[in-house]
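Note sheet for the following structure.
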Amino acid sequence: MITAVIGTGFIGGTLGRAFARAGHPTVFGSRHPGTDGVAADSGATTATVVDAVASADTVVLAVPAGAVEDLLTVHGAALTGKLVVDAANTVTGPVAHHADLVRRLAPGARYARAFNTLGGENLADPVFDGVPADLFYSAPEGDRAALDDLITAVGLRPVHLGDGQQDTVDGVLRLWFALAMTQGRGRHLAFRTLTR
Ligand SMILES: NC(=O)c1ccc[n+]([C@@H]2O[C@H](COP(=O)([O-])OP(=O)(O)OC[C@H]3O[C@@H](n4cnc5c(N)ncnc54)[C@H](OP(=O)(O)O)[C@@H]3O)[C@@H](O)[C@H]2O)c1
């Protein structure tokens, strides 16, 4: 199983290096692969976006929200049969995820919503007093194992909310923003589910 991470900034870089360091074959899709040092010493490789998508089973979108539609327009057909993991947030409108865009522009792809509900600091440093934070996600049942592996690779505890539950996941995103930003608690804030 090869994972491509498209977008080599804060979120893409943090995720892709963690995947690779945990032993998952990972390729970054970059607009400047020859000079992009995102992989560092993680064991990941760096390629063009076209080549990264072509080689992967799972494609993580970690680009700015404004780039998602163009990216899907260009690469939508190449995503057929692959799992698209949407980590991008459109924070300027009522819907932060891109499930509808993926359905329209990459109709042959499966869709998951993950890695979008916490500030990136918590993806880089996910353990609080020895306890890993939860990462809530939505994905088809058949993709749960793959997502659980990638989330665990980052050091978070995966919590599956079901398939097609991107709006529920994005409710967690809104809660994070309300606490971390609006209420001023700061970006080093995450969630843990308690059960009995
Ligand atoms: N920052 C957070 O705490 C956080 C948390 C959760 C989710 N997110 C979401 O994650 C996404 C990425 O955020 P970020 O903070 O990582 O941003 P960032 O540091 O600015 O990185 C964005 C990356 O996307 C690349 N990119 C832009 N347009 C592209 C395109 N058309 N094709 C391929 N690559 C492209 C940029 O590459 P170039 O070097 O070529 O410009 C850059 O590597 C956003 O949608 C954001 O909402 C962010």
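Residues are named by chain letter and number: chains run A, B, ... in the order of the structure tokens, numbers start at 1 in each chain, and ligands are numbered from 1 in the order shown.
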
Exercise. Got a sec to check which residues lie within 10 Å of ligand 1, using only C-alpha atoms and all ligand atoms, and send them as a PyMOL selection string?
Worked result: chain A and resi 5-15+28-33+36+38+48-50+60-72+74+86-91+96-97+114-123+173+187

For this session: Name the residues in contact with Leu156 (chain A) at a cut-off of 7 Å, using only C-alpha atoms, excluding same-chain residues fewer than 2 positions from it; report them as a list of chain:residue names.
Result: A:Pro126, A:Pro132, A:Ala133, A:Asp134, A:Leu135, A:Ile151, A:Thr152, A:Val154, A:Pro158

If you run DSSP over the backbone, which residues in chain A end up strand (DSSP E)? Put them as a compact mmCIF listing (two decimals) with N, CA and C atoms, in the first residue's frame.
```txt
# COMPACT_ATOMS: atom_id res chain seq x y z
N THR A 3 1.14 5.36 -0.07
CA THR A 3 0.39 6.58 0.23
C THR A 3 1.08 7.78 -0.42
N ALA A 4 0.31 8.54 -1.19
CA ALA A 4 0.82 9.80 -1.74
C ALA A 4 0.26 10.94 -0.90
N VAL A 5 1.11 11.89 -0.59
CA VAL A 5 0.69 13.09 0.12
C VAL A 5 0.90 14.27 -0.82
N ILE A 6 -0.21 14.90 -1.22
CA ILE A 6 -0.14 16.03 -2.14
C ILE A 6 -0.19 17.31 -1.31
N THR A 26 5.70 5.89 1.30
CA THR A 26 5.08 7.22 1.17
C THR A 26 5.81 8.02 0.10
N VAL A 27 5.02 8.65 -0.76
CA VAL A 27 5.59 9.54 -1.77
C VAL A 27 4.89 10.90 -1.66
N PHE A 28 5.68 11.94 -1.62
CA PHE A 28 5.12 13.29 -1.64
C PHE A 28 4.91 13.72 -3.09
N GLY A 29 3.77 14.34 -3.36
CA GLY A 29 3.52 14.96 -4.65
C GLY A 29 3.78 16.45 -4.53
N SER A 30 4.79 16.91 -5.25
CA SER A 30 5.24 18.29 -5.11
C SER A 30 5.26 19.00 -6.45
N THR A 45 9.75 9.41 -0.43
CA THR A 45 10.33 9.94 -1.66
C THR A 45 9.48 11.14 -2.10
N THR A 46 9.99 11.86 -3.08
CA THR A 46 9.29 13.04 -3.59
C THR A 46 9.23 12.96 -5.11
N ALA A 47 8.04 13.21 -5.66
CA ALA A 47 7.84 13.09 -7.10
C ALA A 47 6.93 14.22 -7.57
N THR A 48 6.68 14.27 -8.87
CA THR A 48 5.66 15.20 -9.36
C THR A 48 4.30 14.73 -8.84
N THR A 58 -3.52 5.25 -1.88
CA THR A 58 -4.21 6.26 -1.06
C THR A 58 -3.56 7.61 -1.33
N VAL A 59 -4.40 8.64 -1.50
CA VAL A 59 -3.89 9.97 -1.84
C VAL A 59 -4.44 10.96 -0.81
N VAL A 60 -3.55 11.56 -0.03
CA VAL A 60 -3.94 12.53 0.98
C VAL A 60 -3.85 13.93 0.38
N LEU A 61 -4.96 14.67 0.46
CA LEU A 61 -4.97 16.05 -0.03
C LEU A 61 -4.62 16.98 1.11
N LEU A 83 -8.22 5.67 -2.81
CA LEU A 83 -8.85 6.33 -1.67
C LEU A 83 -8.30 7.75 -1.56
N VAL A 84 -9.20 8.74 -1.60
CA VAL A 84 -8.80 10.13 -1.39
C VAL A 84 -9.08 10.49 0.07
N VAL A 85 -8.06 10.95 0.76
CA VAL A 85 -8.20 11.39 2.15
C VAL A 85 -8.11 12.92 2.15
N ASP A 86 -9.22 13.53 2.49
CA ASP A 86 -9.36 14.99 2.42
C ASP A 86 -8.97 15.60 3.76
N ARG A 110 -12.75 6.61 -3.90
CA ARG A 110 -13.42 6.51 -2.60
C ARG A 110 -12.99 7.73 -1.78
N TYR A 111 -13.83 8.10 -0.79
CA TYR A 111 -13.59 9.36 -0.07
C TYR A 111 -13.50 9.14 1.43
N ALA A 112 -12.50 9.75 2.03
CA ALA A 112 -12.38 9.76 3.49
C ALA A 112 -12.08 11.18 3.95
N ARG A 113 -12.52 11.50 5.15
CA ARG A 113 -12.26 12.80 5.76
C ARG A 113 -11.44 12.55 7.02
N VAL A 127 0.76 13.61 21.74
CA VAL A 127 0.62 12.93 23.03
C VAL A 127 0.54 13.97 24.15
N PHE A 128 -0.49 13.83 24.98
CA PHE A 128 -0.73 14.76 26.09
C PHE A 128 -0.59 13.99 27.41
N VAL A 131 -0.78 10.40 26.93
CA VAL A 131 -2.00 9.85 26.32
C VAL A 131 -2.17 10.43 24.92
N PRO A 132 -2.25 9.56 23.91
CA PRO A 132 -2.46 10.08 22.55
C PRO A 132 -3.86 10.65 22.38
N ASP A 134 -7.32 11.70 20.34
CA ASP A 134 -8.16 11.02 19.35
C ASP A 134 -8.17 11.80 18.04
N LEU A 135 -8.26 11.04 16.95
CA LEU A 135 -8.43 11.66 15.63
C LEU A 135 -9.70 11.07 15.04
N PHE A 136 -10.73 11.88 14.96
CA PHE A 136 -12.03 11.45 14.43
C PHE A 136 -11.99 11.49 12.91
N TYR A 137 -12.51 10.41 12.30
CA TYR A 137 -12.47 10.38 10.84
C TYR A 137 -13.67 9.64 10.28
N ARG A 157 -4.88 8.38 18.22
CA ARG A 157 -5.76 7.22 18.32
C ARG A 157 -6.93 7.40 17.36
N PRO A 158 -7.09 6.47 16.39
CA PRO A 158 -8.17 6.65 15.41
C PRO A 158 -9.54 6.37 16.00
N VAL A 159 -10.51 7.24 15.65
CA VAL A 159 -11.90 7.03 16.04
C VAL A 159 -12.76 7.16 14.78
N HIS A 160 -13.26 6.01 14.30
CA HIS A 160 -14.07 5.98 13.08
C HIS A 160 -15.49 6.43 13.39
```

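Here CA of Ala20 (chain A) stands at a distance of 14.9 Å from CA of Asp148 (chain A).
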
For this session: Once DSSP has gone over the backbone, tell me which residues of region 23-63 of chain A are in alpha helix (DSSP H), as number ranges by chain.
Result: A: 49-55

Problem set entry | Proximity to Gly130 (chain A) - best of A:Gly155, A:Gly184, A:Gly108, A:Gly142, only C-alpha atoms |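 Between A:Gly155, A:Gly184, A:Gly108, A:Gly142, the residue approaching Gly130 (chain A) most closely is A:Gly155.
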
Exercise. Between A:Leu150, A:Arg104, A:Arg196, A:Val95, which has the minimum distance to Gly16 (chain A) (counting only C-alpha atoms)?
Worked result: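 Using only C-alpha atoms, the shortest distance to Gly16 (chain A) belongs to A:Leu150.
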